[in-house]
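S.K.: Before we start, here is the structure in question, set down as structure tokens.
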Amino acid sequence: MTFSTKLAAKGAVVLAVSALALTACTNASETGGGTQPSSSGSAAASFDPSTVQKDDSLASQVPAAIKSKGTLVVGSDTTYAPAEFLGGSDNHTPMGYDVDFAKAIAATLGLKADVQTADFTGILPALGPKYDLGISSFTITNERLKAVNFVSYFNAGVAWAVQKGNPKNFSTSDVCGKTVGVQTGTTEADEVKALSDKCTSSGKKAIDIVSLAAQTDLNTRLVSGALDAMSADSPVISYAIQQTNGALEKVGDTTEMAPEGIAVAKSDTALADLVQKVMTKLISDGTYKKILDTWNNADGAVSKAEVNPSVSS
């Protein structure tokens with residue numbers, strides 16, 4: 001969701017690490033009600049870690065405790081497609097671009113990735129004792145940076161979609177009186193309501209807001225023409241376009257972009273630096289883009305990975 005609303009759930013400036021975990025990229029992922037893929041979406045080709053070659057130089061820098069177990073344990077709230085969700089033939093296999101990044105990082109270091117489904121609020125406090133990394137669409141904030149290290153790897157914001165060809169000539173600059181779909185409980189739902197209030201306060205027609213629990217149901221309604229447009233997180237919109245085989249298209253610019261990061265325990269700066277080096281390698285050799293292309297989310301790609309980058313909020 002939007003950067004401002006991600007921060008709205010925060011209380012005092014100084015909070016415990018457990019409280020820091022309460023603000024997610026989306027409200028949906030905070031509540032465990034993130035976007036779930038349709039059957040066609042869950043069949044999306046997953047990244048093959050066997051295509052990633054071990055880098056002996058980087059592998060030599062793996063901490064002894066991790067090297068001895070041979071696995072990189074990653075905490076992820078697998079309720080937020082296409083970043084992380086449960087799919088596959090058993091509907092219990094972690095999938096998504098965040099999962100693929102975990103596999104690629106592990107393979108580069110000569111390890112196996114053990115992506116464990118976790119409650120979103122419990123990941124950051126458990127870094128170190130339970131999880132080596134947290135990869136779960138964490139927005140990087142100044143408050144979180146006080147408690148954990150982050151390696152930036154993706155940008156997300158708010159985006160809009162319409163039917164292919166935009167037959168209703170929808171414009172994000174003129175939403176009054178339009179029928180707009182949003183997922184229930186998300187920041188976009190709040191923002192579209194605020195836009196509607198602005199419409200009525202200026203004497204224009206209110207937005208006809210269609211709020212549904214499942215993003216896939218919104219996708220279907222938009223394809224059928226029952227909606228003029230829908231608003232969601234940029235990764236969700238890109239994935240919806242892929243799921244519907246191009247029956248939808250993005251309209252307008254992605255706004256309120258914010259960086260997301262791979263989380264590492266605050267005390268383990270060496271591991272954070274190592275993850276940054278691995279991500280830099282994956283970006284330079286094309287693996288990074290290949291993973292995002294698989295999930296139709298190259299729009300969120302970053303040009304470089306940074307440890308604890310400066311953020312505005």
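The chains in the structure tokens are called A, B, ... from first to last as shown; in each chain the residues are counted from 1, and the ligands are counted from 1 in the order shown.
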With a distance cut-off of 9 Å and only C-alpha atoms, select the neighbouring residues of Leu282 in chain A, excluding the residue or stretch itself and same-chain residues fewer than 4 positions from it, and output the selection as a PyMOL selection string.

M.R.: chain A and resi 52+104-105+108+277-278+286-289

S.K.: Return the single residue from A:Val302, A:Ala270, A:Ile291, A:Ala59 that is closest to Ala83 in chain A, with distances computed using only C-alpha atoms.

M.R.: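 Among the listed residues, the smallest separation from Ala83 in chain A belongs to A:Ile291.
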
S.K.: Rank nothing, just name the residue among A:Pro82, A:Gly75, A:Gly203, A:Pro167 nearest to Glu249 in chain A, using only C-alpha atoms.

M.R.: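 Distance minimum relative to Glu249 in chain A lands on A:Pro167.
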
S.K.: With only C-alpha atoms as the atoms that count, which of A:Asp100, A:Glu84, A:Asp77, A:Glu306 lies nearest to Val275 in chain A?

M.R.: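 Using only C-alpha atoms, Val275 in chain A sits closest to A:Glu306.
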
S.K.: Any chance you could tabulate, as a tab-separated table, the residues of range 181-284 of chain A at most 6 Å from range 112-133 of chain A with each one's nearest atom pair and distance in Å to one decimal, using only C-alpha atoms, in chain and rising number order?

M.R.:
```
residue	atom	partner	partner_atom	distance
A:Ala263	CA	A:Leu133	CA	5.6
A:Val264	CA	A:Leu133	CA	5.2
A:Ala265	CA	A:Leu127	CA	5.1
```

S.K.: Please list as a list in words every residue within 7 Å of Ala258 in chain A, counting only C-alpha atoms and excluding residues in the same chain fewer than 6 positions away.

M.R.: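 Close residues of Ala258 in chain A: Phe3, Thr139, Asn155, Ala156 and Gly157 of chain A.
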
S.K.: Extract the full set of strand (DSSP E or B) residues from range 50-187 of chain A according to DSSP on the backbone, and format it as number ranges by chain.

M.R.: A: 71-76, 79-80, 84-87, 93-95, 112-117, 127, 131, 133-139, 148-163, 171, 174, 179-183

S.K.: Apply DSSP to the backbone of this structure and, from range 65-215 of chain A, keep only the residues in alpha helix (DSSP H); write these as number ranges by chain.

M.R.: A: 65-69, 97-108, 120-123, 142-145, 187-201, 215

S.K.: Please provide as a list in words all residues within 12 Å of Leu109 in chain A, with the sequence filter that same-chain residues fewer than 5 positions apart are discarded (counting only C-alpha atoms).

M.R.: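 Answer for this query is Pro49, Val52, Gln53, Lys54, Asp55, Asp56, Ser57, Leu58, Ala59, Ser60, Gln61, Val62, Pro63, Ile66, Lys67, Gly70, Thr71, Leu72, Ala102, Lys103, Ala104, Leu271, Leu274, Val275, Lys277, Val278, Met279, Lys281 and Leu282 of chain A.
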
S.K.: For the residues in that selection, give me N, CA and C atoms as a JSON list (two decimals), in the first residue's frame.

M.R.:
```
[["chain", "number", "residue", "atom", "x", "y", "z"],
["A", 49, "PRO", "N", 16.28, -22.62, -9.13],
["A", 49, "PRO", "CA", 17.54, -22.24, -8.48],
["A", 49, "PRO", "C", 18.75, -22.98, -9.03],
["A", 52, "VAL", "N", 21.31, -21.03, -11.01],
["A", 52, "VAL", "CA", 22.20, -20.10, -10.34],
["A", 52, "VAL", "C", 23.46, -20.84, -9.88],
["A", 53, "GLN", "N", 24.59, -20.35, -10.32],
["A", 53, "GLN", "CA", 25.85, -20.98, -9.98],
["A", 53, "GLN", "C", 26.37, -20.47, -8.64],
["A", 54, "LYS", "N", 26.95, -21.37, -7.88],
["A", 54, "LYS", "CA", 27.57, -20.99, -6.62],
["A", 54, "LYS", "C", 28.74, -20.05, -6.89],
["A", 55, "ASP", "N", 28.84, -19.00, -6.10],
["A", 55, "ASP", "CA", 29.97, -18.08, -6.18],
["A", 55, "ASP", "C", 30.89, -18.42, -5.00],
["A", 56, "ASP", "N", 32.02, -19.03, -5.30],
["A", 56, "ASP", "CA", 32.90, -19.51, -4.23],
["A", 56, "ASP", "C", 33.39, -18.38, -3.33],
["A", 57, "SER", "N", 33.66, -17.22, -3.93],
["A", 57, "SER", "CA", 34.15, -16.10, -3.15],
["A", 57, "SER", "C", 33.10, -15.64, -2.14],
["A", 58, "LEU", "N", 31.85, -15.50, -2.61],
["A", 58, "LEU", "CA", 30.78, -15.08, -1.71],
["A", 58, "LEU", "C", 30.44, -16.19, -0.71],
["A", 59, "ALA", "N", 30.48, -17.44, -1.18],
["A", 59, "ALA", "CA", 30.15, -18.57, -0.29],
["A", 59, "ALA", "C", 31.15, -18.66, 0.87],
["A", 60, "SER", "N", 32.38, -18.23, 0.63],
["A", 60, "SER", "CA", 33.40, -18.30, 1.68],
["A", 60, "SER", "C", 33.11, -17.32, 2.81],
["A", 61, "GLN", "N", 32.20, -16.37, 2.55],
["A", 61, "GLN", "CA", 31.87, -15.36, 3.56],
["A", 61, "GLN", "C", 30.63, -15.70, 4.37],
["A", 62, "VAL", "N", 30.04, -16.87, 4.11],
["A", 62, "VAL", "CA", 28.85, -17.29, 4.85],
["A", 62, "VAL", "C", 29.22, -17.55, 6.31],
["A", 63, "PRO", "N", 28.47, -17.00, 7.25],
["A", 63, "PRO", "CA", 28.77, -17.26, 8.67],
["A", 63, "PRO", "C", 28.79, -18.74, 8.98],
["A", 66, "ILE", "N", 25.53, -20.64, 9.77],
["A", 66, "ILE", "CA", 24.65, -20.91, 8.62],
["A", 66, "ILE", "C", 25.28, -21.99, 7.74],
["A", 67, "LYS", "N", 26.58, -21.89, 7.53],
["A", 67, "LYS", "CA", 27.26, -22.87, 6.68],
["A", 67, "LYS", "C", 27.15, -24.28, 7.25],
["A", 70, "GLY", "N", 23.80, -25.70, 6.37],
["A", 70, "GLY", "CA", 23.63, -25.85, 4.92],
["A", 70, "GLY", "C", 22.37, -25.22, 4.35],
["A", 71, "THR", "N", 21.64, -24.51, 5.19],
["A", 71, "THR", "CA", 20.40, -23.89, 4.73],
["A", 71, "THR", "C", 20.34, -22.42, 5.15],
["A", 72, "LEU", "N", 19.62, -21.67, 4.35],
["A", 72, "LEU", "CA", 19.34, -20.27, 4.66],
["A", 72, "LEU", "C", 17.87, -20.22, 5.05],
["A", 102, "ALA", "N", 14.91, -15.62, -2.47],
["A", 102, "ALA", "CA", 15.49, -16.41, -1.38],
["A", 102, "ALA", "C", 16.27, -17.60, -1.94],
["A", 103, "LYS", "N", 15.69, -18.27, -2.93],
["A", 103, "LYS", "CA", 16.35, -19.43, -3.54],
["A", 103, "LYS", "C", 17.63, -19.01, -4.26],
["A", 104, "ALA", "N", 17.56, -17.89, -4.97],
["A", 104, "ALA", "CA", 18.73, -17.43, -5.73],
["A", 104, "ALA", "C", 19.87, -17.01, -4.80],
["A", 271, "LEU", "N", 26.32, -10.23, 7.67],
["A", 271, "LEU", "CA", 25.36, -10.95, 6.83],
["A", 271, "LEU", "C", 24.62, -9.99, 5.92],
["A", 274, "LEU", "N", 26.82, -9.18, 3.11],
["A", 274, "LEU", "CA", 26.93, -10.32, 2.20],
["A", 274, "LEU", "C", 25.69, -10.42, 1.31],
["A", 275, "VAL", "N", 24.52, -10.23, 1.88],
["A", 275, "VAL", "CA", 23.29, -10.28, 1.09],
["A", 275, "VAL", "C", 23.31, -9.17, 0.03],
["A", 277, "LYS", "N", 25.94, -7.96, -1.44],
["A", 277, "LYS", "CA", 26.86, -8.38, -2.48],
["A", 277, "LYS", "C", 26.21, -9.41, -3.40],
["A", 278, "VAL", "N", 25.44, -10.32, -2.80],
["A", 278, "VAL", "CA", 24.76, -11.34, -3.60],
["A", 278, "VAL", "C", 23.71, -10.70, -4.50],
["A", 279, "MET", "N", 22.91, -9.79, -3.95],
["A", 279, "MET", "CA", 21.89, -9.12, -4.76],
["A", 279, "MET", "C", 22.53, -8.32, -5.89],
["A", 281, "LYS", "N", 25.25, -9.06, -7.43],
["A", 281, "LYS", "CA", 25.63, -10.05, -8.44],
["A", 281, "LYS", "C", 24.42, -10.50, -9.25],
["A", 282, "LEU", "N", 23.31, -10.77, -8.56],
["A", 282, "LEU", "CA", 22.10, -11.23, -9.25],
["A", 282, "LEU", "C", 21.54, -10.15, -10.19]]
```

S.K.: Name the residues in contact with Asp174 in chain A at a cut-off of 12 Å, using only C-alpha atoms, excluding same-chain residues fewer than 5 positions from it; report them as a ChimeraX atom specification.

M.R.: /A:169,179-180,195-196,198-199,204-207,228-229,252

S.K.: For the residues in that selection, give me all heavy atoms as a compact mmCIF listing (two decimals), in the first residue's frame.

M.R.:
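Saved the output as result_11.txt:
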```txt
# COMPACT_ATOMS: atom_id res chain seq x y z
N ASN A 169 -12.27 5.02 -21.42
CA ASN A 169 -11.48 6.25 -21.35
C ASN A 169 -11.30 6.75 -19.91
O ASN A 169 -11.44 7.94 -19.62
CB ASN A 169 -12.12 7.36 -22.19
CG ASN A 169 -12.15 7.01 -23.67
OD1 ASN A 169 -11.15 6.57 -24.22
ND2 ASN A 169 -13.30 7.18 -24.30
N THR A 179 -16.94 3.87 -11.46
CA THR A 179 -17.04 2.64 -10.66
C THR A 179 -15.66 2.05 -10.50
O THR A 179 -15.04 1.62 -11.47
CB THR A 179 -17.99 1.63 -11.33
OG1 THR A 179 -19.27 2.21 -11.52
CG2 THR A 179 -18.12 0.38 -10.48
N VAL A 180 -15.18 2.06 -9.26
CA VAL A 180 -13.80 1.66 -8.99
C VAL A 180 -13.76 0.50 -8.01
O VAL A 180 -14.42 0.52 -6.97
CB VAL A 180 -12.99 2.84 -8.41
CG1 VAL A 180 -11.59 2.39 -8.02
CG2 VAL A 180 -12.92 3.98 -9.42
N LEU A 195 -10.89 9.98 -1.94
CA LEU A 195 -11.10 10.65 -3.23
C LEU A 195 -12.57 10.90 -3.47
O LEU A 195 -12.97 11.96 -3.97
CB LEU A 195 -10.52 9.78 -4.36
CG LEU A 195 -9.00 9.73 -4.50
CD1 LEU A 195 -8.62 8.71 -5.57
CD2 LEU A 195 -8.44 11.10 -4.85
N SER A 196 -13.40 9.92 -3.11
CA SER A 196 -14.84 10.07 -3.29
C SER A 196 -15.39 11.21 -2.44
O SER A 196 -16.24 11.99 -2.88
CB SER A 196 -15.55 8.76 -2.92
OG SER A 196 -16.94 8.85 -3.16
N LYS A 198 -13.79 13.84 -1.57
CA LYS A 198 -13.38 15.08 -2.22
C LYS A 198 -14.31 15.42 -3.39
O LYS A 198 -14.63 16.58 -3.64
CB LYS A 198 -11.94 14.97 -2.72
CG LYS A 198 -10.89 15.01 -1.63
CD LYS A 198 -9.49 14.98 -2.21
CE LYS A 198 -8.43 15.04 -1.12
NZ LYS A 198 -7.05 15.01 -1.68
N CYS A 199 -14.74 14.35 -4.09
CA CYS A 199 -15.66 14.56 -5.21
C CYS A 199 -16.96 15.20 -4.72
O CYS A 199 -17.43 16.21 -5.27
CB CYS A 199 -15.96 13.23 -5.90
SG CYS A 199 -14.59 12.52 -6.83
N LYS A 204 -19.34 17.19 -7.04
CA LYS A 204 -19.32 16.19 -8.10
C LYS A 204 -19.89 14.86 -7.59
O LYS A 204 -20.12 14.70 -6.39
CB LYS A 204 -17.89 15.99 -8.61
CG LYS A 204 -17.28 17.23 -9.22
CD LYS A 204 -15.85 16.96 -9.69
CE LYS A 204 -15.22 18.20 -10.29
NZ LYS A 204 -13.83 17.94 -10.75
N LYS A 205 -20.11 13.93 -8.52
CA LYS A 205 -20.66 12.64 -8.14
C LYS A 205 -19.63 11.83 -7.34
O LYS A 205 -18.43 11.87 -7.63
CB LYS A 205 -21.06 11.85 -9.38
CG LYS A 205 -22.31 12.37 -10.09
CD LYS A 205 -22.69 11.44 -11.23
CE LYS A 205 -23.97 11.90 -11.92
NZ LYS A 205 -24.34 11.00 -13.03
N ALA A 206 -20.14 11.09 -6.37
CA ALA A 206 -19.27 10.22 -5.58
C ALA A 206 -18.76 9.07 -6.45
O ALA A 206 -19.38 8.70 -7.46
CB ALA A 206 -20.02 9.65 -4.39
N ILE A 207 -17.63 8.51 -6.07
CA ILE A 207 -17.13 7.30 -6.73
C ILE A 207 -17.99 6.12 -6.30
O ILE A 207 -18.30 5.98 -5.11
CB ILE A 207 -15.66 7.04 -6.37
CG1 ILE A 207 -14.78 8.21 -6.81
CG2 ILE A 207 -15.17 5.74 -6.99
CD1 ILE A 207 -13.34 8.10 -6.33
N ASP A 228 -15.09 0.35 -13.96
CA ASP A 228 -14.35 1.24 -14.85
C ASP A 228 -12.85 1.08 -14.65
O ASP A 228 -12.05 1.22 -15.59
CB ASP A 228 -14.74 2.70 -14.58
CG ASP A 228 -16.18 2.99 -14.94
OD1 ASP A 228 -16.66 2.47 -15.97
OD2 ASP A 228 -16.84 3.73 -14.18
N ALA A 229 -12.44 0.80 -13.40
CA ALA A 229 -11.03 0.66 -13.06
C ALA A 229 -10.90 0.01 -11.71
O ALA A 229 -11.89 -0.16 -10.98
CB ALA A 229 -10.35 2.03 -13.05
N GLY A 252 -2.22 5.30 -16.09
CA GLY A 252 -1.64 6.30 -15.20
C GLY A 252 -0.30 5.85 -14.65
O GLY A 252 0.20 4.76 -14.95
```
